[in-house]
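Shown next: input.cif, given as mmCIF, C-alpha atoms (C1' of nucleotides).
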data_coords
#
loop_
_atom_site.group_PDB
_atom_site.id
_atom_site.type_symbol
_atom_site.label_atom_id
_atom_site.label_comp_id
_atom_site.auth_asym_id
_atom_site.auth_seq_id
_atom_site.Cartn_x
_atom_site.Cartn_y
_atom_site.Cartn_z
ATOM 1 C CA MET A 1 46.709 -25.933 16.685
ATOM 2 C CA VAL A 2 43.829 -23.664 15.799
ATOM 3 C CA ARG A 3 43.621 -20.305 17.505
ATOM 4 C CA SER A 4 40.146 -19.268 18.588
ATOM 5 C CA PHE A 5 38.746 -15.799 18.885
ATOM 6 C CA THR A 6 37.239 -14.552 22.119
ATOM 7 C CA ASP A 7 33.546 -13.687 22.179
ATOM 8 C CA GLU A 8 34.410 -10.034 22.605
ATOM 9 C CA THR A 9 36.642 -10.110 19.550
ATOM 10 C CA LEU A 10 33.947 -11.819 17.516
ATOM 11 C CA GLU A 11 31.504 -9.081 18.521
ATOM 12 C CA MET A 12 33.868 -6.426 17.254
ATOM 13 C CA VAL A 13 34.555 -8.333 14.064
ATOM 14 C CA ALA A 14 30.838 -8.831 13.475
ATOM 15 C CA SER A 15 30.299 -5.141 14.025
ATOM 16 C CA ARG A 16 32.905 -4.300 11.394
ATOM 17 C CA PHE A 17 31.333 -6.729 8.952
ATOM 18 C CA LYS A 18 27.972 -5.119 9.622
ATOM 19 C CA VAL A 19 29.270 -1.745 8.528
ATOM 20 C CA LEU A 20 30.430 -3.323 5.290
ATOM 21 C CA ALA A 21 27.206 -5.267 4.772
ATOM 22 C CA GLU A 22 25.423 -2.450 2.943
ATOM 23 C CA PRO A 23 25.712 -2.045 -0.816
ATOM 24 C CA THR A 24 25.353 1.718 -0.585
ATOM 25 C CA ARG A 25 28.205 2.007 1.897
ATOM 26 C CA LEU A 26 30.377 -0.196 -0.287
ATOM 27 C CA ARG A 27 29.542 1.988 -3.245
ATOM 28 C CA ILE A 28 30.582 5.045 -1.263
ATOM 29 C CA LEU A 29 33.883 3.433 -0.304
ATOM 30 C CA ASP A 30 34.413 2.344 -3.882
ATOM 31 C CA ALA A 31 33.817 5.886 -5.099
ATOM 32 C CA LEU A 32 36.303 7.226 -2.554
ATOM 33 C CA ARG A 33 38.942 4.902 -3.971
ATOM 34 C CA GLU A 34 39.701 7.436 -6.629
ATOM 35 C CA GLY A 35 40.147 10.267 -4.163
ATOM 36 C CA PRO A 36 38.266 12.554 -1.760
ATOM 37 C CA ARG A 37 34.664 13.363 -2.527
ATOM 38 C CA THR A 38 32.117 15.835 -1.218
ATOM 39 C CA VAL A 39 28.689 14.744 -0.074
ATOM 40 C CA SER A 40 27.023 16.301 -3.081
ATOM 41 C CA GLY A 41 29.631 14.688 -5.316
ATOM 42 C CA LEU A 42 28.710 11.306 -3.915
ATOM 43 C CA VAL A 43 25.003 12.050 -4.203
ATOM 44 C CA GLU A 44 25.556 12.603 -7.913
ATOM 45 C CA GLU A 45 27.830 9.618 -8.349
ATOM 46 C CA LEU A 46 25.598 7.131 -6.526
ATOM 47 C CA ASP A 47 21.946 7.607 -7.097
ATOM 48 C CA THR A 48 20.378 8.197 -3.743
ATOM 49 C CA GLY A 49 19.363 11.144 -1.594
ATOM 50 C CA GLN A 50 21.622 13.546 0.272
ATOM 51 C CA ALA A 51 20.347 12.550 3.701
ATOM 52 C CA ASN A 52 21.050 8.940 2.941
ATOM 53 C CA VAL A 53 24.610 9.624 1.844
ATOM 54 C CA SER A 54 25.244 11.824 4.884
ATOM 55 C CA LYS A 55 23.927 9.124 7.185
ATOM 56 C CA HIS A 56 26.062 6.415 5.630
ATOM 57 C CA LEU A 57 29.116 8.651 5.778
ATOM 58 C CA ALA A 58 28.429 9.254 9.457
ATOM 59 C CA VAL A 59 28.372 5.487 10.026
ATOM 60 C CA LEU A 60 31.605 4.987 8.095
ATOM 61 C CA ARG A 61 33.244 7.806 10.001
ATOM 62 C CA ARG A 62 32.039 6.588 13.380
ATOM 63 C CA HIS A 63 33.731 3.297 12.551
ATOM 64 C CA HIS A 64 36.905 5.031 11.382
ATOM 65 C CA LEU A 65 36.684 3.792 7.805
ATOM 66 C CA VAL A 66 36.619 7.303 6.339
ATOM 67 C CA THR A 67 37.881 10.704 7.430
ATOM 68 C CA ARG A 68 36.358 14.116 6.869
ATOM 69 C CA ARG A 69 38.038 17.387 5.990
ATOM 70 C CA LYS A 70 35.842 20.465 6.150
ATOM 71 C CA GLU A 71 36.541 23.197 3.687
ATOM 72 C CA GLY A 72 34.184 26.141 3.808
ATOM 73 C CA VAL A 73 30.698 24.862 3.399
ATOM 74 C CA ARG A 74 31.852 21.588 1.938
ATOM 75 C CA SER A 75 32.986 18.323 3.525
ATOM 76 C CA TYR A 76 35.562 16.183 1.799
ATOM 77 C CA TYR A 77 35.506 12.529 2.735
ATOM 78 C CA SER A 78 38.428 10.154 2.198
ATOM 79 C CA ILE A 79 39.302 6.514 2.802
ATOM 80 C CA ALA A 80 40.842 6.074 6.245
ATOM 81 C CA GLU A 81 41.410 2.338 6.081
ATOM 82 C CA PRO A 82 42.474 0.998 2.680
ATOM 83 C CA ALA A 83 42.399 -2.524 4.117
ATOM 84 C CA VAL A 84 38.676 -2.659 3.422
ATOM 85 C CA PHE A 85 39.517 -3.202 -0.225
ATOM 86 C CA ASP A 86 41.633 -6.195 0.684
ATOM 87 C CA LEU A 87 38.562 -7.560 2.431
ATOM 88 C CA CYS A 88 36.428 -7.008 -0.641
ATOM 89 C CA ASP A 89 39.049 -8.654 -2.812
ATOM 90 C CA LEU A 90 39.167 -11.686 -0.532
ATOM 91 C CA VAL A 91 35.391 -11.984 -0.627
ATOM 92 C CA CYS A 92 35.398 -11.696 -4.395
ATOM 93 C CA ASP A 93 38.006 -14.426 -4.692
ATOM 94 C CA SER A 94 36.006 -16.629 -2.399
ATOM 95 C CA LEU A 95 32.798 -16.031 -4.334
ATOM 96 C CA GLU A 96 34.564 -16.853 -7.585
ATOM 97 C CA ARG A 97 35.925 -20.086 -6.176
ATOM 98 C CA GLU A 98 32.447 -21.067 -5.058
ATOM 99 C CA LEU A 99 30.934 -20.332 -8.437
ATOM 100 C CA ASP A 100 33.695 -22.300 -10.133
ATOM 101 C CA ALA A 101 33.088 -25.225 -7.810
ATOM 102 C CA ARG A 102 29.373 -25.165 -8.428
ATOM 103 C CA ARG A 103 29.928 -24.906 -12.148
ATOM 104 C CA ALA A 104 32.257 -27.910 -12.011
ATOM 105 C CA ALA A 105 29.713 -29.833 -9.967
ATOM 106 C CA LEU A 106 27.076 -29.013 -12.535
ATOM 107 C CA ARG A 107 29.231 -30.584 -15.239
ATOM 108 C CA GLY A 108 29.492 -33.658 -13.030
ATOM 109 C CA ASP A 109 32.825 -33.286 -11.259
ATOM 110 C CA MET B 1 44.913 2.925 -11.744
ATOM 111 C CA VAL B 2 42.261 1.861 -9.299
ATOM 112 C CA ARG B 3 39.942 -0.946 -10.300
ATOM 113 C CA SER B 4 36.327 -0.416 -9.345
ATOM 114 C CA PHE B 5 33.743 -3.025 -8.518
ATOM 115 C CA THR B 6 30.470 -3.221 -10.413
ATOM 116 C CA ASP B 7 27.259 -2.579 -8.513
ATOM 117 C CA GLU B 8 26.293 -6.203 -8.917
ATOM 118 C CA THR B 9 29.578 -7.334 -7.418
ATOM 119 C CA LEU B 10 29.179 -4.958 -4.519
ATOM 120 C CA GLU B 11 25.731 -6.406 -3.842
ATOM 121 C CA MET B 12 27.176 -9.888 -3.646
ATOM 122 C CA VAL B 13 30.044 -8.755 -1.472
ATOM 123 C CA ALA B 14 27.661 -6.926 0.855
ATOM 124 C CA SER B 15 25.541 -10.039 1.052
ATOM 125 C CA ARG B 16 28.558 -12.102 2.101
ATOM 126 C CA PHE B 17 29.505 -9.520 4.712
ATOM 127 C CA LYS B 18 25.964 -9.626 5.994
ATOM 128 C CA VAL B 19 26.198 -13.337 6.652
ATOM 129 C CA LEU B 20 29.342 -12.707 8.667
ATOM 130 C CA ALA B 21 27.883 -9.742 10.521
ATOM 131 C CA GLU B 22 26.303 -11.827 13.290
ATOM 132 C CA PRO B 23 28.289 -12.728 16.411
ATOM 133 C CA THR B 24 26.426 -16.008 16.808
ATOM 134 C CA ARG B 25 27.261 -17.107 13.281
ATOM 135 C CA LEU B 26 30.905 -16.156 13.813
ATOM 136 C CA ARG B 27 30.893 -18.179 17.014
ATOM 137 C CA ILE B 28 29.512 -21.156 15.126
ATOM 138 C CA LEU B 29 32.210 -20.847 12.469
ATOM 139 C CA ASP B 30 34.840 -20.457 15.144
ATOM 140 C CA ALA B 31 33.629 -23.605 16.879
ATOM 141 C CA LEU B 32 33.744 -25.500 13.582
ATOM 142 C CA ARG B 33 37.392 -24.551 13.217
ATOM 143 C CA GLU B 34 38.340 -27.473 15.386
ATOM 144 C CA GLY B 35 36.337 -29.948 13.366
ATOM 145 C CA PRO B 36 32.790 -31.057 12.517
ATOM 146 C CA ARG B 37 30.080 -30.466 15.079
ATOM 147 C CA THR B 38 26.501 -31.612 15.505
ATOM 148 C CA VAL B 39 23.696 -29.156 16.122
ATOM 149 C CA SER B 40 23.340 -30.250 19.716
ATOM 150 C CA GLY B 41 27.102 -30.055 20.130
ATOM 151 C CA LEU B 42 26.993 -26.436 19.014
ATOM 152 C CA VAL B 43 23.989 -25.717 21.227
ATOM 153 C CA GLU B 44 26.082 -26.846 24.183
ATOM 154 C CA GLU B 45 29.204 -25.027 23.088
ATOM 155 C CA LEU B 46 27.511 -21.714 22.343
ATOM 156 C CA ASP B 47 24.821 -20.828 24.749
ATOM 157 C CA THR B 48 21.672 -20.362 22.734
ATOM 158 C CA GLY B 49 18.661 -22.442 21.723
ATOM 159 C CA GLN B 50 18.546 -25.313 19.259
ATOM 160 C CA ALA B 51 16.206 -23.522 16.859
ATOM 161 C CA ASN B 52 18.539 -20.578 16.754
ATOM 162 C CA VAL B 53 21.572 -22.696 15.970
ATOM 163 C CA SER B 54 19.680 -24.596 13.288
ATOM 164 C CA LYS B 55 18.544 -21.370 11.697
ATOM 165 C CA HIS B 56 22.020 -19.880 11.640
ATOM 166 C CA LEU B 57 23.442 -23.101 10.222
ATOM 167 C CA ALA B 58 20.829 -22.972 7.482
ATOM 168 C CA VAL B 59 21.947 -19.457 6.606
ATOM 169 C CA LEU B 60 25.611 -20.453 6.584
ATOM 170 C CA ARG B 61 24.824 -23.469 4.440
ATOM 171 C CA ARG B 62 22.677 -21.507 2.008
ATOM 172 C CA HIS B 63 25.669 -19.247 1.500
ATOM 173 C CA HIS B 64 28.041 -22.188 1.107
ATOM 174 C CA LEU B 65 30.142 -21.369 4.141
ATOM 175 C CA VAL B 66 29.476 -24.703 5.825
ATOM 176 C CA THR B 67 28.589 -28.202 4.635
ATOM 177 C CA ARG B 68 26.369 -30.807 6.267
ATOM 178 C CA ARG B 69 26.863 -34.554 6.518
ATOM 179 C CA LYS B 70 23.876 -36.496 7.845
ATOM 180 C CA GLU B 71 24.617 -39.536 9.929
ATOM 181 C CA GLY B 72 21.619 -41.305 11.381
ATOM 182 C CA VAL B 73 19.603 -38.842 13.328
ATOM 183 C CA ARG B 74 22.498 -36.417 13.598
ATOM 184 C CA SER B 75 23.827 -33.711 11.283
ATOM 185 C CA TYR B 76 27.513 -32.929 11.235
ATOM 186 C CA TYR B 77 28.427 -29.469 10.037
ATOM 187 C CA SER B 78 31.862 -28.482 8.769
ATOM 188 C CA ILE B 79 33.632 -25.424 7.407
ATOM 189 C CA ALA B 80 33.255 -25.221 3.641
ATOM 190 C CA GLU B 81 35.231 -22.042 3.103
ATOM 191 C CA PRO B 82 38.297 -21.622 5.330
ATOM 192 C CA ALA B 83 38.892 -18.201 3.751
ATOM 193 C CA VAL B 84 36.391 -16.717 6.211
ATOM 194 C CA PHE B 85 39.089 -16.939 8.841
ATOM 195 C CA ASP B 86 41.430 -14.922 6.679
ATOM 196 C CA LEU B 87 38.691 -12.298 6.571
ATOM 197 C CA CYS B 88 38.386 -12.300 10.335
ATOM 198 C CA ASP B 89 42.147 -12.063 10.690
ATOM 199 C CA LEU B 90 42.261 -9.076 8.344
ATOM 200 C CA VAL B 91 39.510 -7.347 10.301
ATOM 201 C CA CYS B 92 41.302 -8.043 13.559
ATOM 202 C CA ASP B 93 44.524 -6.593 12.199
ATOM 203 C CA SER B 94 42.673 -3.533 10.994
ATOM 204 C CA LEU B 95 40.942 -3.043 14.346
ATOM 205 C CA GLU B 96 44.249 -3.354 16.147
ATOM 206 C CA ARG B 97 45.844 -0.759 13.899
ATOM 207 C CA GLU B 98 42.963 1.604 14.592
ATOM 208 C CA LEU B 99 43.217 1.154 18.330
ATOM 209 C CA ASP B 100 46.971 1.677 18.172
ATOM 210 C CA ALA B 101 46.464 4.847 16.172
ATOM 211 C CA ARG B 102 43.885 6.185 18.598
ATOM 212 C CA ARG B 103 46.077 5.298 21.539
ATOM 213 C CA ALA B 104 48.981 7.153 19.927
ATOM 214 C CA ALA B 105 46.730 10.131 19.247
ATOM 215 C CA LEU B 106 45.673 10.134 22.881
ATOM 216 C CA ARG B 107 49.296 10.396 23.958
ATOM 217 C CA GLY B 108 49.620 13.363 21.613
ATOM 218 C CA ASP B 109 51.138 11.888 18.451
ATOM 219 C "C1'" DT C 1 20.790 41.307 7.383
ATOM 220 C "C1'" DC C 2 19.047 38.200 4.002
ATOM 221 C "C1'" DA C 3 19.169 34.626 0.489
ATOM 222 C "C1'" DT C 4 21.586 30.674 -1.043
ATOM 223 C "C1'" DT C 5 24.073 26.541 -0.899
ATOM 224 C "C1'" DA C 6 26.108 22.359 1.457
ATOM 225 C "C1'" DT C 7 25.757 19.350 5.033
ATOM 226 C "C1'" DA C 8 23.885 17.324 9.218
ATOM 227 C "C1'" DT C 9 20.123 15.878 11.891
ATOM 228 C "C1'" DT C 10 15.488 14.428 13.080
ATOM 229 C "C1'" DA C 11 11.235 11.997 12.509
ATOM 230 C "C1'" DC C 12 8.939 8.550 10.292
ATOM 231 C "C1'" DT C 13 7.875 4.214 7.817
ATOM 232 C "C1'" DG C 14 8.469 -0.266 5.983
ATOM 233 C "C1'" DT C 15 11.238 -4.271 5.918
ATOM 234 C "C1'" DA C 16 14.455 -7.661 7.552
ATOM 235 C "C1'" DT C 17 15.888 -10.596 10.944
ATOM 236 C "C1'" DG C 18 17.664 -12.535 15.639
ATOM 237 C "C1'" DG C 19 15.916 -15.101 19.362
ATOM 238 C "C1'" DT C 20 12.512 -18.268 21.230
ATOM 239 C "C1'" DA C 21 8.536 -21.407 21.890
ATOM 240 C "C1'" DA C 22 5.946 -24.712 19.712
ATOM 241 C "C1'" DT C 23 5.480 -28.016 16.269
ATOM 242 C "C1'" DT C 24 6.965 -31.183 12.713
ATOM 243 C "C1'" DT C 25 9.923 -34.561 10.659
ATOM 244 C "C1'" DA C 26 12.756 -38.403 10.816
ATOM 245 C "C1'" DG C 27 15.900 -41.980 12.609
ATOM 246 C "C1'" DT C 28 16.428 -45.634 16.296
ATOM 247 C "C1'" DG C 29 15.728 -48.994 19.659
ATOM 248 C "C1'" DA C 30 12.400 -51.536 22.663
ATOM 249 C "C1'" DT D 1 3.831 -49.781 16.878
ATOM 250 C "C1'" DC D 2 5.512 -46.684 20.344
ATOM 251 C "C1'" DA D 3 8.636 -43.807 22.925
ATOM 252 C "C1'" DC D 4 12.656 -41.116 22.520
ATOM 253 C "C1'" DT D 5 15.999 -38.161 20.582
ATOM 254 C "C1'" DA D 6 18.044 -34.882 17.019
ATOM 255 C "C1'" DA D 7 17.189 -31.599 13.830
ATOM 256 C "C1'" DA D 8 14.341 -28.621 10.939
ATOM 257 C "C1'" DT D 9 10.607 -25.633 10.414
ATOM 258 C "C1'" DT D 10 6.987 -22.369 11.657
ATOM 259 C "C1'" DA D 11 4.970 -18.566 14.043
ATOM 260 C "C1'" DC D 12 5.679 -14.813 16.719
ATOM 261 C "C1'" DC D 13 7.706 -10.705 18.777
ATOM 262 C "C1'" DA D 14 10.954 -7.087 19.362
ATOM 263 C "C1'" DT D 15 14.608 -4.571 17.549
ATOM 264 C "C1'" DA D 16 17.518 -2.457 14.040
ATOM 265 C "C1'" DC D 17 17.972 0.151 10.211
ATOM 266 C "C1'" DA D 18 17.842 1.808 5.122
ATOM 267 C "C1'" DG D 19 15.602 5.232 2.712
ATOM 268 C "C1'" DT D 20 13.199 9.639 2.545
ATOM 269 C "C1'" DA D 21 11.027 14.079 3.670
ATOM 270 C "C1'" DA D 22 11.391 17.829 6.484
ATOM 271 C "C1'" DT D 23 14.040 20.703 9.225
ATOM 272 C "C1'" DA D 24 18.199 22.659 11.335
ATOM 273 C "C1'" DT D 25 22.875 24.365 11.111
ATOM 274 C "C1'" DA D 26 26.426 26.841 9.111
ATOM 275 C "C1'" DA D 27 29.315 29.138 5.627
ATOM 276 C "C1'" DT D 28 29.227 32.611 1.919
ATOM 277 C "C1'" DG D 29 28.050 36.377 -0.930
ATOM 278 C "C1'" DA D 30 24.960 40.260 -2.130
#
Encoded form using structure tokens:
Amino acid sequence: MVRSFTDETLEMVASRFKVLAEPTRLRILDALREGPRTVSGLVEELDTGQANVSKHLAVLRRHHLVTRRKEGVRSYYSIAEPAVFDLCDLVCDSLERELDARRAALRGD
Amino acid sequence: MVRSFTDETLEMVASRFKVLAEPTRLRILDALREGPRTVSGLVEELDTGQANVSKHLAVLRRHHLVTRRKEGVRSYYSIAEPAVFDLCDLVCDSLERELDARRAALRGD
DNA sequence: TCATTATATTACTGTATGGTAATTTAGTGA
DNA sequence: TCACTAAATTACCATACAGTAATATAATGA
């Protein structure tokens, strides 16, 4: 028997996927893997503007994927939900399988 | 040691997430869980127009998440990559954990 | 108080895309 | 050939949003 999701659940799931559907946000999360980072640290590490990084961090925080710790004039952001990396890993595996399959098909089964 | 993703990988991963970031597409995939469906079958099952369903199916097919089998005047679509449901399950688990945590916080730890 | 630095916010623009109506394409049976 | 049905495609509109420049807020030190 196959369990179905309710429409409401699918909306929430889609919303979570949407947050993760931006390369810049993924790059931020990836950078935070190695530990907390300030906004300016991330601005250096990625190459995009400060406003852009702040906005993406706000999105990630609103969706509870990162946390913020203020220290003086600085804000330190950290990963709040390490499970996002499991998601990325699953996607990577899936993409690899697809490429393998297409490669095999190219060779003629 | 924490393995990082390359920018190119993150672009591909983001692109996959983007495909999954639409409730209607998730509903289509969810409907296909129980077996192949025709376009008109999906139009009935979901409640949206035929053009919309066709367009979403084209997106899903372009990204190799579904396959199509033509039979006469009909097209039967099927799940090509069952791993998408693992993704959804992971997201659901994560969302539940977050809600639990916020509920606990509301009660005061 | 004033200047400086870090971050957040606002306003704006261009692009992407979801939904829909209209049209096209193609298979089928009379 | 013609009518009918299923699906795909096209054109259009409205909305969402990533990126950026400008501005605001706030902490700190002189």
Least-squares align chain A to chain B using all Cα atoms paired by position, then dump the moved coordinates as a PDB file with C-alpha atoms, keeping the file's coordinate frame.
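As a result, result08.pdb now contains:
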ATOM      1  CA  MET A   1      44.937   2.947 -11.756  1.00  0.00           C
ATOM      2  CA  VAL A   2      42.280   1.886  -9.298  1.00  0.00           C
ATOM      3  CA  ARG A   3      39.960  -0.920 -10.288  1.00  0.00           C
ATOM      4  CA  SER A   4      36.329  -0.405  -9.352  1.00  0.00           C
ATOM      5  CA  PHE A   5      33.755  -3.006  -8.522  1.00  0.00           C
ATOM      6  CA  THR A   6      30.480  -3.207 -10.399  1.00  0.00           C
ATOM      7  CA  ASP A   7      27.262  -2.563  -8.496  1.00  0.00           C
ATOM      8  CA  GLU A   8      26.300  -6.195  -8.896  1.00  0.00           C
ATOM      9  CA  THR A   9      29.592  -7.326  -7.411  1.00  0.00           C
ATOM     10  CA  LEU A  10      29.196  -4.944  -4.497  1.00  0.00           C
ATOM     11  CA  GLU A  11      25.742  -6.394  -3.829  1.00  0.00           C
ATOM     12  CA  MET A  12      27.178  -9.880  -3.643  1.00  0.00           C
ATOM     13  CA  VAL A  13      30.053  -8.752  -1.464  1.00  0.00           C
ATOM     14  CA  ALA A  14      27.671  -6.923   0.858  1.00  0.00           C
ATOM     15  CA  SER A  15      25.549 -10.032   1.062  1.00  0.00           C
ATOM     16  CA  ARG A  16      28.560 -12.101   2.096  1.00  0.00           C
ATOM     17  CA  PHE A  17      29.516  -9.539   4.715  1.00  0.00           C
ATOM     18  CA  LYS A  18      25.959  -9.638   6.010  1.00  0.00           C
ATOM     19  CA  VAL A  19      26.206 -13.350   6.663  1.00  0.00           C
ATOM     20  CA  LEU A  20      29.343 -12.712   8.681  1.00  0.00           C
ATOM     21  CA  ALA A  21      27.866  -9.743  10.536  1.00  0.00           C
ATOM     22  CA  GLU A  22      26.318 -11.834  13.309  1.00  0.00           C
ATOM     23  CA  PRO A  23      28.277 -12.732  16.429  1.00  0.00           C
ATOM     24  CA  THR A  24      26.426 -16.012  16.824  1.00  0.00           C
ATOM     25  CA  ARG A  25      27.268 -17.106  13.292  1.00  0.00           C
ATOM     26  CA  LEU A  26      30.898 -16.171  13.829  1.00  0.00           C
ATOM     27  CA  ARG A  27      30.896 -18.174  17.023  1.00  0.00           C
ATOM     28  CA  ILE A  28      29.518 -21.156  15.135  1.00  0.00           C
ATOM     29  CA  LEU A  29      32.210 -20.852  12.475  1.00  0.00           C
ATOM     30  CA  ASP A  30      34.842 -20.455  15.155  1.00  0.00           C
ATOM     31  CA  ALA A  31      33.622 -23.602  16.885  1.00  0.00           C
ATOM     32  CA  LEU A  32      33.743 -25.509  13.599  1.00  0.00           C
ATOM     33  CA  ARG A  33      37.394 -24.559  13.230  1.00  0.00           C
ATOM     34  CA  GLU A  34      38.337 -27.466  15.403  1.00  0.00           C
ATOM     35  CA  GLY A  35      36.344 -29.958  13.375  1.00  0.00           C
ATOM     36  CA  PRO A  36      32.796 -31.058  12.513  1.00  0.00           C
ATOM     37  CA  ARG A  37      30.086 -30.490  15.073  1.00  0.00           C
ATOM     38  CA  THR A  38      26.503 -31.623  15.504  1.00  0.00           C
ATOM     39  CA  VAL A  39      23.702 -29.171  16.130  1.00  0.00           C
ATOM     40  CA  SER A  40      23.325 -30.285  19.717  1.00  0.00           C
ATOM     41  CA  GLY A  41      27.089 -30.064  20.142  1.00  0.00           C
ATOM     42  CA  LEU A  42      26.982 -26.457  19.035  1.00  0.00           C
ATOM     43  CA  VAL A  43      23.976 -25.735  21.231  1.00  0.00           C
ATOM     44  CA  GLU A  44      26.056 -26.866  24.192  1.00  0.00           C
ATOM     45  CA  GLU A  45      29.188 -25.061  23.094  1.00  0.00           C
ATOM     46  CA  LEU A  46      27.510 -21.719  22.384  1.00  0.00           C
ATOM     47  CA  ASP A  47      24.792 -20.805  24.764  1.00  0.00           C
ATOM     48  CA  THR A  48      21.664 -20.368  22.744  1.00  0.00           C
ATOM     49  CA  GLY A  49      18.657 -22.435  21.736  1.00  0.00           C
ATOM     50  CA  GLN A  50      18.532 -25.302  19.262  1.00  0.00           C
ATOM     51  CA  ALA A  51      16.207 -23.518  16.856  1.00  0.00           C
ATOM     52  CA  ASN A  52      18.531 -20.569  16.759  1.00  0.00           C
ATOM     53  CA  VAL A  53      21.568 -22.694  15.981  1.00  0.00           C
ATOM     54  CA  SER A  54      19.676 -24.617  13.297  1.00  0.00           C
ATOM     55  CA  LYS A  55      18.546 -21.382  11.693  1.00  0.00           C
ATOM     56  CA  HIS A  56      22.027 -19.900  11.654  1.00  0.00           C
ATOM     57  CA  LEU A  57      23.445 -23.112  10.234  1.00  0.00           C
ATOM     58  CA  ALA A  58      20.829 -22.991   7.493  1.00  0.00           C
ATOM     59  CA  VAL A  59      21.958 -19.458   6.622  1.00  0.00           C
ATOM     60  CA  LEU A  60      25.620 -20.465   6.594  1.00  0.00           C
ATOM     61  CA  ARG A  61      24.836 -23.469   4.444  1.00  0.00           C
ATOM     62  CA  ARG A  62      22.676 -21.514   2.021  1.00  0.00           C
ATOM     63  CA  HIS A  63      25.674 -19.247   1.520  1.00  0.00           C
ATOM     64  CA  HIS A  64      28.043 -22.192   1.113  1.00  0.00           C
ATOM     65  CA  LEU A  65      30.152 -21.368   4.154  1.00  0.00           C
ATOM     66  CA  VAL A  66      29.481 -24.719   5.827  1.00  0.00           C
ATOM     67  CA  THR A  67      28.589 -28.200   4.629  1.00  0.00           C
ATOM     68  CA  ARG A  68      26.374 -30.796   6.250  1.00  0.00           C
ATOM     69  CA  ARG A  69      26.847 -34.538   6.515  1.00  0.00           C
ATOM     70  CA  LYS A  70      23.879 -36.488   7.820  1.00  0.00           C
ATOM     71  CA  GLU A  71      24.600 -39.532   9.877  1.00  0.00           C
ATOM     72  CA  GLY A  72      21.579 -41.302  11.283  1.00  0.00           C
ATOM     73  CA  VAL A  73      19.587 -38.828  13.249  1.00  0.00           C
ATOM     74  CA  ARG A  74      22.482 -36.438  13.562  1.00  0.00           C
ATOM     75  CA  SER A  75      23.823 -33.713  11.274  1.00  0.00           C
ATOM     76  CA  TYR A  76      27.511 -32.941  11.221  1.00  0.00           C
ATOM     77  CA  TYR A  77      28.411 -29.471  10.048  1.00  0.00           C
ATOM     78  CA  SER A  78      31.858 -28.486   8.777  1.00  0.00           C
ATOM     79  CA  ILE A  79      33.639 -25.426   7.421  1.00  0.00           C
ATOM     80  CA  ALA A  80      33.266 -25.238   3.647  1.00  0.00           C
ATOM     81  CA  GLU A  81      35.234 -22.056   3.092  1.00  0.00           C
ATOM     82  CA  PRO A  82      38.287 -21.617   5.325  1.00  0.00           C
ATOM     83  CA  ALA A  83      38.869 -18.204   3.746  1.00  0.00           C
ATOM     84  CA  VAL A  84      36.395 -16.717   6.202  1.00  0.00           C
ATOM     85  CA  PHE A  85      39.091 -16.949   8.844  1.00  0.00           C
ATOM     86  CA  ASP A  86      41.427 -14.927   6.672  1.00  0.00           C
ATOM     87  CA  LEU A  87      38.704 -12.296   6.572  1.00  0.00           C
ATOM     88  CA  CYS A  88      38.388 -12.315  10.340  1.00  0.00           C
ATOM     89  CA  ASP A  89      42.143 -12.062  10.700  1.00  0.00           C
ATOM     90  CA  LEU A  90      42.261  -9.080   8.356  1.00  0.00           C
ATOM     91  CA  VAL A  91      39.507  -7.357  10.306  1.00  0.00           C
ATOM     92  CA  CYS A  92      41.298  -8.040  13.563  1.00  0.00           C
ATOM     93  CA  ASP A  93      44.519  -6.583  12.206  1.00  0.00           C
ATOM     94  CA  SER A  94      42.673  -3.539  11.007  1.00  0.00           C
ATOM     95  CA  LEU A  95      40.937  -3.059  14.346  1.00  0.00           C
ATOM     96  CA  GLU A  96      44.256  -3.349  16.153  1.00  0.00           C
ATOM     97  CA  ARG A  97      45.850  -0.760  13.906  1.00  0.00           C
ATOM     98  CA  GLU A  98      42.981   1.607  14.592  1.00  0.00           C
ATOM     99  CA  LEU A  99      43.228   1.146  18.331  1.00  0.00           C
ATOM    100  CA  ASP A 100      46.977   1.692  18.178  1.00  0.00           C
ATOM    101  CA  ALA A 101      46.471   4.862  16.173  1.00  0.00           C
ATOM    102  CA  ARG A 102      43.889   6.176  18.580  1.00  0.00           C
ATOM    103  CA  ARG A 103      46.090   5.313  21.517  1.00  0.00           C
ATOM    104  CA  ALA A 104      48.984   7.177  19.898  1.00  0.00           C
ATOM    105  CA  ALA A 105      46.734  10.148  19.217  1.00  0.00           C
ATOM    106  CA  LEU A 106      45.672  10.133  22.836  1.00  0.00           C
ATOM    107  CA  ARG A 107      49.306  10.439  23.896  1.00  0.00           C
ATOM    108  CA  GLY A 108      49.586  13.396  21.535  1.00  0.00           C
ATOM    109  CA  ASP A 109      51.126  11.962  18.380  1.00  0.00           C
TER     110      ASP A 109
END
Taking (25.5, 25.6, 5.0) in the file's coordinates as the center, which residues reach within 7 Å of it, counting only C-alpha atoms (C1' of nucleotides), put as a ChimeraX atom specification? /A:73 /C:5-7 /D:25-27
Please save C-alpha atoms (C1' of nucleotides) of the selected residues as a short mmCIF file (atom, residue, chain, number, x, y, z; two decimals), keeping the file's coordinate frame.
data_model
loop_
_atom_site.label_atom_id
_atom_site.label_comp_id
_atom_site.auth_asym_id
_atom_site.auth_seq_id
_atom_site.Cartn_x
_atom_site.Cartn_y
_atom_site.Cartn_z
CA VAL A 73 30.70 24.86 3.40
"C1'" DT C 5 24.07 26.54 -0.90
"C1'" DA C 6 26.11 22.36 1.46
"C1'" DT C 7 25.76 19.35 5.03
"C1'" DT D 25 22.88 24.36 11.11
"C1'" DA D 26 26.43 26.84 9.11
"C1'" DA D 27 29.32 29.14 5.63
#
Please evaluate the PyMOL selection byres ((chain C and resi 14-26) around 8) against the displayed coordinates and give the resulting residues as a PyMOL selection string. (chain B and resi 49+51-52+73) or (chain C and resi 13+27) or (chain D and resi 8-10)
